[in-house]
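Coordinates as given in input.csv (CSV, C-alpha atoms):
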chain,number,residue,atom,x,y,z
A,1186,MET,CA,124.1,66.2,104.9
A,1187,LYS,CA,122.9,68.0,108.0
A,1188,ARG,CA,123.6,66.6,111.4
A,1189,LEU,CA,123.8,67.7,115.0
A,1190,TRP,CA,126.9,69.2,116.5
A,1191,ARG,CA,127.8,70.2,120.1
A,1192,CYS,CA,130.3,72.7,121.4
A,1193,HIS,CA,132.4,70.9,123.9
A,1194,VAL,CA,133.0,74.1,125.8
A,1195,CYS,CA,129.5,75.5,126.4
A,1196,ASN,CA,127.2,72.8,125.0
A,1197,ASP,CA,125.8,75.1,122.3
A,1198,VAL,CA,123.9,72.9,119.8
A,1199,HIS,CA,124.1,73.4,116.0
A,1200,TRP,CA,122.2,71.7,113.2
A,1201,GLY,CA,124.0,71.9,109.9
A,1202,ASN,CA,126.3,70.3,107.3
A,1203,ALA,CA,129.3,71.7,109.2
A,1204,PRO,CA,129.7,73.3,112.6
A,1205,PRO,CA,130.6,77.0,113.0
A,1206,GLU,CA,134.3,77.6,113.2
A,1207,VAL,CA,133.7,79.9,116.1
A,1208,CYS,CA,131.0,79.1,118.6
A,1209,PRO,CA,128.4,81.9,118.5
A,1210,THR,CA,127.7,81.5,122.2
A,1211,CYS,CA,131.1,81.2,123.9
A,1212,GLY,CA,133.5,82.2,121.1
A,1213,ALA,CA,135.6,79.0,121.3
A,1214,THR,CA,137.2,78.0,118.0
A,1215,ASN,CA,137.0,74.5,116.5
A,1216,SER,CA,135.0,73.4,119.5
A,1217,PHE,CA,132.2,71.4,117.9
A,1218,VAL,CA,132.0,67.6,118.0
A,1219,PRO,CA,129.3,65.4,116.2
A,1220,SER,CA,126.3,65.0,118.4
A,1221,ASP,CA,123.0,63.2,118.3
A,1222,LEU,CA,119.3,63.8,119.0
A,1223,GLY,CA,119.3,62.3,122.5
A,1224,GLU,CA,122.3,64.4,123.6
A,1225,ALA,CA,120.9,67.5,122.0
A,1226,LEU,CA,117.5,67.1,123.6
A,1227,GLU,CA,119.1,66.5,127.0
A,1228,ILE,CA,121.1,69.7,126.7
A,1229,ILE,CA,118.2,71.8,125.4
A,1230,GLY,CA,115.9,70.5,128.1
A,1231,ARG,CA,112.2,69.8,128.0
A,1232,ASP,CA,111.2,73.2,129.5
A,1233,HIS,CA,112.1,75.2,126.4
A,1234,PRO,CA,109.2,77.5,125.7
A,1235,ALA,CA,107.0,76.6,122.8
A,1236,LEU,CA,106.1,79.1,120.1
A,1237,ASP,CA,102.5,78.1,120.2
A,1238,ASP,CA,100.6,81.2,121.1
A,1239,ARG,CA,100.0,84.6,119.5
A,1240,GLU,CA,102.5,86.5,121.7
A,1241,GLY,CA,105.3,84.0,121.0
A,1242,VAL,CA,104.7,84.0,117.2
A,1243,LEU,CA,104.4,87.7,116.9
A,1244,ALA,CA,107.6,88.2,119.0
A,1245,ALA,CA,109.5,85.8,116.8
A,1246,TRP,CA,108.4,87.6,113.7
A,1247,GLN,CA,109.3,90.9,115.2
A,1248,TRP,CA,112.7,89.7,116.1
A,1249,PHE,CA,113.3,88.4,112.6
A,1250,SER,CA,112.1,91.8,111.2
A,1251,ASP,CA,114.2,93.9,113.6
A,1252,GLN,CA,117.5,92.2,112.7
A,1253,SER,CA,117.0,92.1,109.0
A,1254,PRO,CA,118.5,94.8,106.8
A,1255,THR,CA,116.4,93.6,103.9
A,1256,VAL,CA,112.8,93.0,105.1
A,1257,ARG,CA,110.4,94.0,107.8
A,1258,LEU,CA,107.0,93.0,109.0
A,1259,THR,CA,104.0,94.4,107.2
A,1260,ALA,CA,102.5,97.6,108.6
A,1261,LYS,CA,99.0,96.0,108.1
A,1262,ALA,CA,98.2,94.9,111.6
A,1263,ASP,CA,94.9,93.2,110.7
A,1264,GLU,CA,96.7,91.0,108.1
A,1265,MET,CA,99.4,90.1,110.6
A,1266,GLU,CA,96.8,89.1,113.2
A,1267,LEU,CA,95.0,86.9,110.6
A,1268,LEU,CA,98.2,85.3,109.5
A,1269,CYS,CA,99.2,84.6,113.1
A,1270,LYS,CA,95.9,83.0,113.6
A,1271,GLY,CA,96.4,80.8,110.5
A,1272,VAL,CA,99.9,79.8,111.5
A,1273,LEU,CA,98.8,78.8,114.9
A,1274,GLU,CA,95.8,76.9,113.4
A,1275,ASN,CA,98.3,75.0,111.2
A,1276,LEU,CA,100.5,74.2,114.1
A,1277,ARG,CA,97.5,72.7,115.9
A,1278,THR,CA,96.1,70.8,112.9
A,1279,LYS,CA,99.1,70.1,110.7
A,1280,GLY,CA,101.9,70.0,113.2
A,1281,GLN,CA,104.0,73.0,112.0
A,1282,ARG,CA,103.7,76.7,111.7
A,1283,TYR,CA,103.0,76.5,108.0
A,1284,CYS,CA,102.2,79.6,105.9
A,1285,PRO,CA,98.4,79.9,105.7
A,1286,CYS,CA,98.6,80.9,102.0
A,1287,ARG,CA,100.5,77.8,100.9
A,1288,LEU,CA,99.5,74.2,100.9
A,1289,PRO,CA,101.7,71.4,102.2
A,1290,THR,CA,102.3,68.6,99.8
A,1291,GLY,CA,102.7,65.8,102.3
A,1292,ASP,CA,106.4,65.5,101.3
A,1293,ARG,CA,108.1,66.4,104.6
A,1294,GLU,CA,111.3,67.8,103.1
A,1295,LYS,CA,109.4,70.0,100.7
A,1296,ASP,CA,106.9,71.1,103.3
A,1297,GLU,CA,109.7,72.2,105.7
A,1298,GLY,CA,110.1,75.0,103.2
A,1299,LEU,CA,106.6,76.3,104.0
A,1300,ILE,CA,107.3,77.0,107.7
A,1301,CYS,CA,106.8,80.7,108.4
A,1302,PRO,CA,109.0,82.6,107.9
A,1303,CYS,CA,109.9,80.6,104.8
A,1304,ASN,CA,112.9,81.3,102.5
A,1305,PHE,CA,110.8,83.9,100.6
A,1306,LEU,CA,113.8,86.0,99.5
A,1307,ARG,CA,114.5,83.5,96.7
A,1308,GLN,CA,110.9,83.2,95.6
A,1309,PRO,CA,109.8,84.9,92.3
A,1310,THR,CA,106.9,86.6,94.2
A,1311,PHE,CA,109.3,88.5,96.4
A,1312,LYS,CA,111.6,89.4,93.5
A,1313,GLU,CA,108.6,90.7,91.5
A,1314,THR,CA,106.4,92.4,94.2
A,1315,GLY,CA,108.7,93.0,97.2
A,1316,GLU,CA,106.5,90.9,99.4
A,1317,CYS,CA,106.5,87.3,100.6
A,1318,TRP,CA,103.7,85.2,99.2
A,1319,CYS,CA,101.3,86.0,102.0
A,1320,GLY,CA,102.4,89.6,102.4
A,1321,LEU,CA,103.7,89.2,106.0
A,1322,PHE,CA,107.2,90.4,105.2
A,1323,VAL,CA,107.9,93.2,102.8
A,1324,ARG,CA,111.1,94.7,101.4
A,1325,ARG,CA,112.4,97.6,103.5
A,1326,GLY,CA,111.4,100.9,101.8
A,1327,ALA,CA,108.2,99.4,100.3
A,1328,GLN,CA,104.5,99.8,101.3
B,1035,MET,CA,88.6,64.8,87.9
B,1036,SER,CA,87.4,67.3,85.2
B,1037,GLY,CA,84.2,69.1,84.5
B,1038,ASN,CA,83.0,72.6,83.8
B,1039,ARG,CA,83.5,74.1,87.2
B,1040,LEU,CA,85.2,77.4,87.8
B,1041,ILE,CA,87.0,76.8,91.1
B,1042,TRP,CA,88.3,79.2,93.6
B,1043,PHE,CA,90.7,77.6,96.0
B,1044,HIS,CA,91.1,79.8,99.1
B,1045,GLY,CA,92.3,79.6,102.7
B,1046,ARG,CA,90.3,80.8,105.7
B,1047,GLU,CA,93.3,82.6,107.2
B,1048,CYS,CA,94.8,83.9,104.0
B,1049,PRO,CA,94.6,87.8,103.8
B,1050,HIS,CA,94.7,87.9,100.0
B,1051,CYS,CA,91.7,85.5,99.9
B,1052,ARG,CA,89.8,87.7,102.2
B,1053,LYS,CA,90.6,90.8,100.2
B,1054,LEU,CA,89.6,89.0,96.9
B,1055,ALA,CA,86.2,87.8,98.2
B,1056,PRO,CA,84.4,91.1,97.4
B,1057,LEU,CA,85.9,91.0,93.8
B,1058,VAL,CA,84.6,87.4,93.4
B,1059,ASP,CA,81.2,88.5,94.7
B,1060,GLN,CA,81.2,91.4,92.2
B,1061,PHE,CA,82.3,89.1,89.4
B,1062,GLU,CA,79.5,86.7,90.1
B,1063,ALA,CA,76.9,89.5,90.4
B,1064,GLU,CA,78.0,91.2,87.1
B,1065,THR,CA,78.5,88.1,85.0
B,1066,GLY,CA,76.0,85.6,86.4
B,1067,ILE,CA,78.8,83.1,86.4
B,1068,ARG,CA,79.2,81.2,89.7
B,1069,LEU,CA,82.5,80.1,91.1
B,1070,GLU,CA,82.8,77.1,93.3
B,1071,ARG,CA,84.6,78.2,96.5
B,1072,LEU,CA,86.8,75.4,97.9
B,1073,GLU,CA,88.6,76.1,101.2
B,1074,VAL,CA,91.8,74.1,101.3
B,1075,TRP,CA,93.3,74.5,104.8
B,1076,HIS,CA,90.3,73.1,106.8
B,1077,ASN,CA,88.9,70.7,104.2
B,1078,ASP,CA,91.1,67.7,103.3
B,1079,GLU,CA,89.0,66.8,100.3
B,1080,ASN,CA,89.5,70.2,98.8
B,1081,ALA,CA,93.2,70.2,99.6
B,1082,LYS,CA,93.5,66.8,97.9
B,1083,LEU,CA,91.8,68.1,94.8
B,1084,MET,CA,94.1,71.1,94.7
B,1085,ARG,CA,97.1,68.8,95.1
B,1086,SER,CA,95.9,66.7,92.2
B,1087,LEU,CA,96.0,69.8,90.0
B,1088,ALA,CA,99.5,70.9,91.2
B,1089,ALA,CA,101.0,70.5,87.8
B,1090,VAL,CA,98.9,73.4,86.5
B,1091,ILE,CA,98.3,75.4,89.6
B,1092,ALA,CA,101.8,75.5,91.2
B,1093,PRO,CA,103.5,77.1,88.2
B,1094,ALA,CA,100.8,79.8,88.3
B,1095,CYS,CA,101.6,80.4,92.0
B,1096,GLY,CA,105.3,80.9,91.5
B,1097,GLY,CA,106.3,77.2,91.9
B,1098,ASP,CA,104.4,76.0,95.0
B,1099,LEU,CA,100.8,75.5,95.6
B,1100,GLY,CA,99.2,78.6,97.1
B,1101,VAL,CA,96.0,80.5,97.6
B,1102,PRO,CA,94.1,82.3,96.3
B,1103,ALA,CA,94.1,80.2,93.2
B,1104,PHE,CA,91.5,79.9,90.4
B,1105,TYR,CA,91.2,76.8,88.2
B,1106,ASN,CA,89.1,76.5,85.1
B,1107,GLU,CA,88.1,72.9,84.6
B,1108,ALA,CA,87.0,73.4,81.0
B,1109,THR,CA,90.2,75.1,79.8
B,1110,GLY,CA,92.6,73.6,82.4
B,1111,LYS,CA,94.0,77.1,83.0
B,1112,ALA,CA,94.9,78.5,86.4
B,1113,ILE,CA,95.7,81.9,87.8
B,1114,CYS,CA,97.0,82.6,91.3
B,1115,GLY,CA,98.0,85.3,93.7
B,1116,GLY,CA,96.8,88.3,95.5
B,1117,ARG,CA,97.0,90.7,92.5
B,1118,ILE,CA,94.1,89.3,90.6
B,1119,ASP,CA,91.7,91.9,89.3
B,1120,MET,CA,88.5,91.8,87.3
B,1121,PRO,CA,90.0,91.8,83.8
B,1122,LYS,CA,92.2,88.8,84.8
B,1123,LEU,CA,89.3,87.0,86.4
B,1124,LEU,CA,87.1,87.5,83.3
B,1125,ALA,CA,89.9,86.4,80.9
B,1126,TRP,CA,90.5,83.3,83.0
B,1127,ALA,CA,86.7,82.4,83.3
B,1128,LYS,CA,86.1,82.9,79.6
B,1129,GLY,CA,89.1,80.9,78.5
Could you spell out this file's structure in structure tokens?
Amino acid sequence: MKRLWRCHVCNDVHWGNAPPEVCPTCGATNSFVPSDLGEALEIIGRDHPALDDREGVLAAWQWFSDQSPTVRLTAKADEMELLCKGVLENLRTKGQRYCPCRLPTGDREKDEGLICPCNFLRQPTFKETGECWCGLFVRRGAQ
Amino acid sequence: MSGNRLIWFHGRECPHCRKLAPLVDQFEAETGIRLERLEVWHNDENAKLMRSLAAVIAPACGGDLGVPAFYNEATGKAICGGRIDMPKLLAWAKG
């Protein structure tokens, strides 16, 4: 079961079943201790920038695309803009940056799988067509 | 809820839905068959209806509810996704 962990050396915060053996921020080994939400929020701070505007969302997608050897952002700029608008609309009305081409069920755990970018690599649509369901991310070499 | 409607579930910000709209227009013009267009992201009633049909629609969408999705109330059949063309639409509408 996932929980919060804190690196006792640099206060890096990790959410997962187990902590990283090597802290990705300071490089210390076996440095994580169990943490909790209050501690994690105190460390992260309240001034962390929100991804709640077009520039922030597009930058996050671009970062994801740039570091992935498997997928990249679509070259269709008009579709990207439309999807960005939809994701931000969903953030405003549904509370999360949900895919505008999927529909939340109301089951929180299940709906977490619809936050963009979702885990589309395992979905049948990506395996068959080389695109995520909404077409935002495509397999490198396609399109 | 069942009847004889041919329903198109779509999302306002879904690019595939936007691309399919001319095809749906063409389908209606050529066949004289009207589709009921239900937007699901900005209309809770429509979303609720779509969720109630999840057992049929989700498998057609690759496992999760998605748009664009077409549901035939008379036959209980659904098709889903951005690669729908006129032959597929005709086959779905005519059962």
CA of Glu1274 (chain A) to CA of Ile1300 (chain A) measures 12.8 Å
Hey, can you check how far CA of Val1090 (chain B) sits from CA of Leu1267 (chain A)?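 If I compute the distance from CA of Val1090 (chain B) to CA of Leu1267 (chain A), I get 27.9 Å.
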Please identify all polymer residues within 8 Å of region 1062-1071 of chain B, counting all atoms listed in the file, omitting same-chain residues fewer than 6 positions from it, and present them as a list in words. Arg1039, Leu1040, Ile1041, Trp1042, Phe1043 and His1044 of chain B
Please report as a PyMOL selection string which residues of chain A come no farther than 6 Å from chain B, using all atoms listed in the file. chain A and resi 1264+1267+1271+1285-1288
So the first atom is CA of Thr1210 (chain A) and the second is CA of Lys1187 (chain A); what is the distance between them in Å, to one decimal place?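 Separation between CA of Thr1210 (chain A) and CA of Lys1187 (chain A): 20.2 Å.
Closest approach to Pro1219 (chain A) from the set A:Phe1311, A:Tyr1283, A:Phe1305, A:Trp1190 is made by A:Trp1190, with distances taken over only C-alpha atoms.
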Could you name the residues that touch Val1272 (chain A) at 7 Å or less, counting only C-alpha atoms, but leaving out those on the same chain fewer than 2 positions away, as a list in words? Leu1268, Cys1269, Lys1270, Glu1274, Asn1275, Leu1276, Arg1282, Tyr1283, Cys1284 and Pro1285 of chain A
Non-local contacts of Met1265 (chain A) (10 Å; all atoms listed in the file; under 5 positions in same chain excluded) as a list in words: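 My list of contacting residues is Leu1243, Trp1246, Leu1258, Thr1259, Ala1260, Lys1270, Gly1271, Cys1319, Gly1320, Leu1321 and Phe1322 of chain A; Pro1049 of chain B.
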Protein, DNA and RNA residues within 9 Å of (125.7, 80.0, 120.8), only C-alpha atoms, as a compact mmCIF listing (two decimals) with C-alpha atoms, keeping the file's coordinate frame:
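The new file out_13.txt reads:
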# COMPACT_ATOMS: atom_id res chain seq x y z
CA CYS A 1192 130.30 72.70 121.40
CA CYS A 1195 129.50 75.50 126.40
CA ASN A 1196 127.20 72.80 125.00
CA ASP A 1197 125.80 75.10 122.30
CA VAL A 1198 123.90 72.90 119.80
CA HIS A 1199 124.10 73.40 116.00
CA CYS A 1208 131.00 79.10 118.60
CA PRO A 1209 128.40 81.90 118.50
CA THR A 1210 127.70 81.50 122.20
CA CYS A 1211 131.10 81.20 123.90
CA GLY A 1212 133.50 82.20 121.10
